[in-house]
$ cat run-v6.txt   # compact mmCIF, C-alpha atoms and all ligand atoms
# COMPACT_ATOMS: atom_id res chain seq x y z
CA MET A 109 -6.44 -17.99 -12.99
CA ALA A 110 -4.02 -20.28 -14.88
CA GLN A 111 -3.04 -17.33 -17.07
CA ILE A 112 -2.49 -15.09 -14.02
CA ASN A 113 -0.42 -17.79 -12.31
CA SER A 114 1.85 -18.13 -15.30
CA GLN A 115 2.18 -14.32 -15.62
CA LEU A 116 3.18 -14.09 -11.97
CA LYS A 117 5.61 -17.00 -12.15
CA THR A 118 7.49 -15.23 -14.91
CA VAL A 119 7.71 -11.98 -12.95
CA ASN A 120 8.08 -13.31 -9.43
CA PRO A 121 9.07 -16.72 -8.14
CA GLY A 122 8.55 -15.27 -4.62
CA TRP A 123 4.80 -15.49 -5.09
CA LYS A 124 5.06 -19.25 -4.58
CA LYS A 125 5.14 -18.26 -0.90
CA LEU A 126 1.55 -17.10 -1.03
CA LYS A 127 -1.01 -19.65 0.11
CA LYS A 128 -3.18 -18.91 -2.88
CA LEU A 129 -3.15 -16.17 -5.43
CA ASN A 130 -6.87 -15.46 -5.56
CA THR A 131 -8.00 -12.70 -3.23
CA ILE A 132 -10.09 -13.30 -0.12
CA PRO A 133 -13.21 -11.12 0.43
CA ILE A 134 -12.64 -8.45 3.08
CA ASP A 135 -15.20 -7.29 5.65
CA LEU A 136 -16.15 -3.85 4.35
CA GLU A 137 -18.47 -3.31 7.34
CA ARG A 138 -15.35 -2.48 9.37
CA ILE A 139 -15.13 0.80 7.46
CA ALA A 140 -17.67 2.06 10.02
CA LEU A 141 -14.90 1.92 12.63
CA ILE A 142 -13.06 4.67 10.71
CA ARG A 143 -16.13 6.65 9.66
CA GLY A 144 -17.32 6.77 13.28
CA LYS A 145 -14.18 8.47 14.60
CA ASP A 146 -13.52 12.21 14.69
CA THR A 147 -10.34 13.79 13.35
CA ASP A 148 -8.99 14.53 16.84
CA TYR A 149 -9.03 10.80 17.55
CA LEU A 150 -7.61 9.97 14.12
CA CYS A 151 -4.62 12.35 14.49
CA ASP A 152 -3.11 10.27 17.29
CA PRO A 153 -0.82 7.44 16.03
CA THR A 154 -1.46 5.39 19.20
CA ASN A 155 -5.20 5.43 18.49
CA ILE A 156 -4.58 4.45 14.87
CA GLU A 157 -2.34 1.58 15.88
CA SER A 158 -5.21 0.12 17.94
CA LEU A 159 -7.73 0.93 15.23
CA ILE A 160 -5.70 -0.98 12.60
CA LEU A 161 -5.86 -4.07 14.84
CA GLU A 162 -9.65 -3.71 15.04
CA LEU A 163 -9.83 -3.30 11.26
CA GLY A 164 -7.97 -6.61 10.83
CA LEU A 165 -4.66 -7.76 9.37
CA ASN A 166 -3.68 -10.17 6.62
CA ASP A 167 -2.42 -13.63 7.58
CA GLU A 168 -0.17 -14.37 4.62
CA GLY A 169 3.46 -14.36 5.72
CA LEU A 170 2.25 -14.83 9.30
CA GLU A 171 5.85 -15.43 10.43
CA GLU A 172 6.46 -11.71 9.83
CA PHE A 173 3.77 -10.78 12.37
CA PRO A 174 4.57 -10.98 16.10
CA GLU A 175 2.44 -13.41 18.08
CA SER A 176 0.92 -10.48 19.96
CA LEU A 177 -0.84 -9.48 16.70
CA HIS A 178 -1.97 -12.94 15.59
CA ASN A 179 -5.50 -12.51 16.98
CA SER A 180 -6.02 -9.67 14.50
CA CYS A 181 -4.65 -11.61 11.52
CA GLY A 182 -6.80 -13.38 8.92
CA GLN A 183 -9.87 -11.22 9.41
CA GLY A 184 -11.58 -7.90 8.71
CA LEU A 185 -9.91 -5.77 6.08
CA ARG A 186 -6.79 -7.99 5.93
CA ILE A 187 -4.41 -5.03 5.95
CA TRP A 188 -0.92 -6.20 5.02
CA GLN A 189 1.03 -3.72 7.14
CA TYR A 190 2.67 -3.40 10.55
CA PRO A 191 0.33 -1.25 12.67
CA VAL A 192 3.33 0.36 14.40
CA GLN A 193 4.54 1.67 10.99
CA PHE A 194 1.29 2.20 9.07
CA SER A 195 -0.29 4.25 11.88
CA LYS A 196 2.47 6.88 11.87
CA TYR A 197 2.56 6.92 8.06
CA LEU A 198 -1.20 7.56 7.86
CA VAL A 199 -1.06 10.34 10.44
CA ASP A 200 1.76 12.06 8.51
CA VAL A 201 0.21 11.78 5.05
CA ALA A 202 -3.15 13.06 6.36
CA LYS A 203 -1.39 16.28 7.37
CA LEU A 204 -0.53 16.78 3.68
CA LYS A 205 -4.25 16.96 2.76
CA ILE A 206 -4.00 14.37 0.00
CA ASP A 207 -6.50 14.87 -2.84
CA SER A 208 -5.92 11.75 -5.01
CA TYR A 209 -4.44 8.29 -4.41
CA LEU A 210 -3.03 5.40 -6.42
CA GLU A 211 -2.05 2.08 -4.81
CA ILE A 212 0.06 -0.21 -6.99
CA GLY A 213 -0.51 -3.77 -5.72
CA ILE A 214 -3.57 -4.04 -3.49
CA ARG A 215 -3.82 -7.82 -2.78
CA HIS A 216 -7.13 -8.14 -0.81
CA GLY A 217 -7.65 -4.36 -0.82
CA GLY A 218 -7.36 -3.71 2.94
CA THR A 219 -4.58 -1.14 2.90
CA PHE A 220 -6.27 0.64 -0.02
CA VAL A 221 -9.68 0.87 1.68
CA THR A 222 -8.14 1.92 5.00
CA THR A 223 -5.99 4.61 3.38
CA VAL A 224 -8.88 6.00 1.35
CA GLU A 225 -11.32 6.03 4.27
CA TYR A 226 -8.74 7.55 6.60
CA LEU A 227 -7.59 10.29 4.19
CA ASN A 228 -11.22 11.14 3.35
CA LYS A 229 -11.75 12.14 6.98
CA PHE A 230 -9.17 14.93 6.55
CA ASN A 231 -9.64 15.96 2.90
CA PRO A 232 -12.09 14.35 0.45
CA LEU A 233 -10.21 12.45 -2.26
CA LYS A 234 -11.23 13.40 -5.80
CA TYR A 235 -10.29 9.91 -6.97
CA ALA A 236 -8.59 6.82 -5.56
CA ILE A 237 -7.42 3.93 -7.72
CA GLY A 238 -6.18 0.54 -6.66
CA ILE A 239 -4.48 -1.60 -9.29
CA ASP A 240 -3.43 -5.23 -9.32
CA ILE A 241 -2.66 -8.01 -11.77
CA ILE A 242 -5.12 -10.24 -9.84
CA PRO A 243 -8.88 -9.49 -9.79
CA CYS A 244 -10.25 -8.11 -6.51
CA LEU A 245 -14.00 -8.56 -6.05
CA SER A 246 -14.05 -6.73 -2.70
CA LEU A 247 -12.90 -3.56 -4.38
CA LEU A 248 -15.73 -3.82 -6.88
CA GLU A 249 -18.05 -3.93 -3.85
CA TYR A 250 -16.19 -0.98 -2.33
CA GLU A 251 -16.76 1.06 -5.52
CA LYS A 252 -20.49 0.85 -4.74
CA ILE A 253 -19.94 2.23 -1.22
CA ASN A 254 -17.44 4.86 -2.38
CA PRO A 255 -17.95 5.99 -6.00
CA THR A 256 -14.67 7.96 -5.99
CA ALA A 257 -12.77 4.67 -5.61
CA LYS A 258 -11.93 2.40 -8.54
CA PHE A 259 -10.19 -0.94 -9.06
CA VAL A 260 -8.23 -1.55 -12.26
CA LYS A 261 -6.86 -5.00 -13.12
CA ILE A 262 -3.64 -4.31 -14.97
CA ASN A 263 -0.04 -5.50 -15.13
CA THR A 264 2.36 -2.65 -14.32
CA GLN A 265 4.92 -4.20 -16.64
CA SER A 266 2.64 -3.98 -19.69
CA SER A 267 2.25 -1.37 -22.41
CA ASP A 268 -1.46 -1.15 -21.45
CA TYR A 269 -0.38 0.21 -18.06
CA LYS A 270 1.72 2.94 -19.70
CA GLU A 271 -1.26 3.92 -21.85
CA TRP A 272 -3.61 3.78 -18.86
CA LEU A 273 -1.36 6.09 -16.81
CA LYS A 274 -1.62 8.71 -19.56
CA THR A 275 -5.34 9.06 -18.79
CA TYR A 276 -4.43 10.77 -15.48
CA ASP A 277 -2.73 14.15 -15.10
CA LYS A 278 -1.51 13.56 -11.60
CA PHE A 279 -1.69 11.49 -8.43
CA ASP A 280 -1.13 13.31 -5.17
CA LEU A 281 -0.04 10.14 -3.33
CA VAL A 282 1.11 6.82 -4.81
CA LEU A 283 1.92 3.71 -2.76
CA ILE A 284 4.16 1.18 -4.54
CA ASP A 285 3.60 -2.25 -2.99
CA SER A 286 3.59 -4.91 -5.70
CA PHE A 287 6.38 -7.30 -6.68
CA HIS A 288 9.26 -6.51 -4.34
CA GLU A 289 12.06 -7.04 -6.79
CA GLU A 290 14.50 -4.29 -7.73
CA LYS A 291 13.77 -3.98 -11.44
CA GLN A 292 9.99 -3.93 -11.14
CA CYS A 293 10.08 -1.60 -8.15
CA ARG A 294 12.31 0.85 -10.03
CA ASN A 295 10.12 0.58 -13.15
CA GLU A 296 7.05 1.39 -11.08
CA PHE A 297 8.74 4.36 -9.47
CA ILE A 298 9.86 5.72 -12.87
CA SER A 299 6.39 5.09 -14.31
CA VAL A 300 4.72 7.48 -11.83
CA LYS A 301 7.58 9.84 -10.95
CA GLU A 302 6.51 12.75 -13.16
CA GLN A 303 2.82 12.42 -12.25
CA ALA A 304 3.12 11.97 -8.49
CA ASN A 305 3.67 14.55 -5.76
CA ILE A 306 4.27 11.98 -3.05
CA ILE A 307 5.48 8.41 -3.51
CA ALA A 308 5.48 5.78 -0.76
CA PHE A 309 7.30 2.45 -0.96
CA HIS A 310 6.38 -0.59 1.10
CA ASP A 311 8.95 -3.13 2.35
CA ILE A 312 11.97 -0.81 2.41
CA ALA A 313 13.14 -2.50 5.63
CA ASN A 314 12.20 -6.08 4.79
CA ILE A 315 15.14 -8.46 5.03
CA ASN A 316 13.59 -10.49 2.20
CA TYR A 317 13.45 -7.60 -0.29
CA PRO A 318 16.88 -5.95 -0.70
CA GLY A 319 15.84 -4.73 -4.16
CA VAL A 320 13.18 -2.44 -2.69
CA LYS A 321 15.69 -1.07 -0.18
CA LYS A 322 18.14 -0.39 -3.02
CA VAL A 323 15.56 1.56 -5.03
CA TRP A 324 14.52 3.45 -1.88
CA GLU A 325 18.16 4.44 -1.21
CA GLU A 326 18.33 5.80 -4.78
CA VAL A 327 15.14 7.82 -4.23
CA LYS A 328 16.55 9.27 -1.00
CA ASN A 329 19.47 10.61 -3.04
CA ILE A 330 17.21 12.51 -5.43
CA ASP A 331 17.29 16.15 -4.40
CA GLU A 332 13.65 16.75 -5.41
CA TYR A 333 12.31 14.79 -2.42
CA ASP A 334 12.02 15.14 1.33
CA CYS A 335 12.16 11.54 2.58
CA ARG A 336 10.82 9.95 5.75
CA GLU A 337 10.86 6.37 6.98
CA TYR A 338 8.45 4.31 9.10
CA ILE A 339 10.49 1.24 10.00
CA ALA A 340 9.78 0.52 13.69
CA GLN A 341 9.91 -3.22 14.43
CA TYR A 342 8.32 -5.53 17.01
CA LYS A 343 10.56 -6.82 19.80
CA ASP A 344 9.52 -10.47 19.55
CA ILE A 345 10.43 -10.76 15.84
CA GLU A 346 14.03 -11.70 15.03
CA PHE A 347 14.42 -10.05 11.62
CA SER A 348 13.41 -6.72 10.11
CA TYR A 349 10.20 -6.71 8.06
CA MET A 350 8.00 -4.34 6.09
CA GLY A 351 8.90 -0.65 6.49
CA ILE A 352 7.41 2.31 4.62
CA GLY A 353 9.44 5.00 2.85
CA LEU A 354 7.72 8.28 2.00
CA ALA A 355 9.20 10.63 -0.62
CA VAL A 356 7.47 14.03 -0.73
CA ARG A 357 8.30 16.53 -3.47
CA LYS A 358 9.85 19.48 -1.67
CA GLU A 359 7.51 21.95 -3.37
CA ARG A 360 4.52 19.89 -2.10
CA LEU A 361 5.47 20.37 1.56
C1 LIG B 1 2.15 -7.41 -1.08
S1 LIG B 1 0.75 -7.46 -2.06
C2 LIG B 1 0.01 -5.87 -1.81
C3 LIG B 1 -0.45 -5.66 -0.41
C4 LIG B 1 -1.35 -4.46 -0.21
N1 LIG B 1 -0.76 -3.22 -0.68
C5 LIG B 1 -1.63 -4.33 1.28
O1 LIG B 1 -0.90 -3.59 1.96
O2 LIG B 1 -2.59 -4.97 1.75
C6 LIG B 1 1.38 -7.28 -3.66
C7 LIG B 1 0.36 -7.25 -4.79
O3 LIG B 1 1.02 -6.79 -5.98
C8 LIG B 1 0.45 -7.44 -7.08
N2 LIG B 1 1.38 -7.41 -8.21
C9 LIG B 1 2.57 -8.05 -8.34
N3 LIG B 1 3.10 -7.81 -9.55
C10 LIG B 1 2.23 -6.98 -10.19
C11 LIG B 1 2.21 -6.39 -11.48
N4 LIG B 1 3.19 -6.61 -12.36
N5 LIG B 1 1.17 -5.59 -11.81
C12 LIG B 1 0.16 -5.37 -10.93
N6 LIG B 1 0.12 -5.92 -9.71
C13 LIG B 1 1.13 -6.72 -9.34
C14 LIG B 1 0.17 -8.86 -6.58
O4 LIG B 1 -0.83 -9.48 -7.36
C15 LIG B 1 -0.24 -8.60 -5.12
O5 LIG B 1 -1.64 -8.58 -4.99
$ encode --input "run-v6.txt" --output "structure tokens" --more "lines below"
Ligand SMILES: C[S@@+](CC[C@H](N)C(=O)[O-])C[C@H]1O[C@@H](n2cnc3c(N)ncnc32)[C@H](O)[C@@H]1O
Amino acid sequence: MAQINSQLKTVNPGWKKLKKLNTIPIDLERIALIRGKDTDYLCDPTNIESLILELGLNDEGLEEFPESLHNSCGQGLRIWQYPVQFSKYLVDVAKLKIDSYLEIGIRHGGTFVTTVEYLNKFNPLKYAIGIDIIPCLSLLEYEKINPTAKFVKINTQSSDYKEWLKTYDKFDLVLIDSFHEEKQCRNEFISVKEQANIIAFHDIANINYPGVKKVWEEVKNIDEYDCREYIAQYKDIEFSYMGIGLAVRKERL
């Protein structure tokens, strides 16, 4: 852990904000809440918004979550997303019949597991990979429940990562949600650009992460992509947080 801490300090002083860097086990039994629903139910963003609350939210950066959501924080899958944004994003990406997924920066694994389980209801994923610089034991447990899912502990700023990426031809959908600083975010985008059909960015509307917004604005100006945004906010929160940008290759639509 000391080695990971020092690696993170050099790449991101912002991580000091986190209560602790080690991951917290997530309640994988909540997957049943997704598996038990039919696709008619899962197509409706309002249903998904409620379902995400039942699945459970993360409680790091609690000040970014409105009080109305606090009962769902710190439990279940510890999804680090705004339900009002993530629900609409999931419904839209499911329509694209995703067949493979890469999440860059998984933290406790909640968004990864939710995305994989949700997309599987619409089109079985051939493979789904979550990567992080910090070990995630819950994802090793999840691999046993879902053999198409895999966790890889790797630093996206390393040469090992570049070599590792070469072992995959393509990723249908990639979510970039790691260190929210401009240079790393842009590096991660460039690293997967040629291999990915669809690239999502988290925190494009977060007041604390102007670097992510800057990279997202650059992506929106690339003619190859059709871009959508999921940036709805909660009324009782003063500033703008989170926000998902989705860049879909035009030929993939
Ligand atoms: C905001 S959290 C991810 C949240 C997760 N996607 C979710 O929605 O629940 C960011 C994660 O990125 C990881 N990270 C930061 N820099 C990284 C790097 N250079 N390589 C790999 N992972 C990194 C951190 O360890 C952390 O777990």
$ atom_distance --input "run-v6.txt" --atom1 "CA of Ile306 (chain A)" --atom2 "atom C5 of ligand LIG 1 (chain B)"
17.9 Å
$ atom_distance --input "run-v6.txt" --atom1 "CA of Glu211 (chain A)" --atom2 "CA of Ala313 (chain A)"
19.0 Å
$ atom_distance --input "run-v6.txt" --atom1 "CA of Asp285 (chain A)" --atom2 "atom C5 of ligand LIG 1 (chain B)"
7.1 Å
$ residues_around --input "run-v6.txt" --residues "Gln193 (chain A)" --least-positions-apart "2" --cutoff "12 Å" --atoms "all atoms listed in the file" --output "count of residues only"
32
$ closest_residue --input "run-v6.txt" --among "A:Leu163, A:Leu283, A:Gln303, A:Glu168" --to "Ser180 (chain A)" --atoms "all atoms listed in the file"
A:Leu163
$ residues_near_ligand --input "run-v6.txt" --ligand "ligand LIG 1 (chain B)" --cutoff "6 Å" --atoms "only C-alpha atoms and all ligand atoms" --output "list of chain:residue names"
A:Ile187, A:Trp188, A:Gln189, A:Gly213, A:Ile214, A:Arg215, A:Gly217, A:Gly218, A:Thr219, A:Asp240, A:Ile241, A:Ile242, A:Ile262, A:Asn263, A:Thr264, A:Gln265, A:Asp285, A:Ser286, A:Phe287
$ closest_residue --input "run-v6.txt" --among "A:Gly182, A:Gly319, A:Gly144, A:Pro255" --to "His216 (chain A)" --atoms "only C-alpha atoms"
A:Gly182
$ residues_around --input "run-v6.txt" --residues "Ala140 (chain A)" --least-positions-apart "4" --cutoff "12 Å" --atoms "only C-alpha atoms" --output "ChimeraX atom specification"
/A:135-136,144-146,159,162-163,184-185,221-222,225-226,253
$ residues_around --input "run-v6.txt" --residues "Lys291 (chain A)" --least-positions-apart "4" --cutoff "12 Å" --atoms "all atoms listed in the file" --output "short mmCIF file (atom, residue, chain, number, x, y, z; two decimals) with C-alpha atoms, in the frame of the given file"
data_model
loop_
_atom_site.label_atom_id
_atom_site.label_comp_id
_atom_site.auth_asym_id
_atom_site.auth_seq_id
_atom_site.Cartn_x
_atom_site.Cartn_y
_atom_site.Cartn_z
CA VAL A 119 7.71 -11.98 -12.95
CA ASN A 120 8.08 -13.31 -9.43
CA THR A 264 2.36 -2.65 -14.32
CA GLN A 265 4.92 -4.20 -16.64
CA SER A 286 3.59 -4.91 -5.70
CA PHE A 287 6.38 -7.30 -6.68
CA ASN A 295 10.12 0.58 -13.15
CA GLU A 296 7.05 1.39 -11.08
CA PHE A 297 8.74 4.36 -9.47
CA ILE A 298 9.86 5.72 -12.87
CA TYR A 317 13.45 -7.60 -0.29
CA PRO A 318 16.88 -5.95 -0.70
CA GLY A 319 15.84 -4.73 -4.16
CA VAL A 320 13.18 -2.44 -2.69
CA LYS A 321 15.69 -1.07 -0.18
CA LYS A 322 18.14 -0.39 -3.02
CA VAL A 323 15.56 1.56 -5.03
#
$ closest_residue --input "run-v6.txt" --among "A:Ser208, A:Asn179, A:Asn166, A:Thr275" --to "Thr256 (chain A)" --atoms "all atoms listed in the file"
A:Ser208
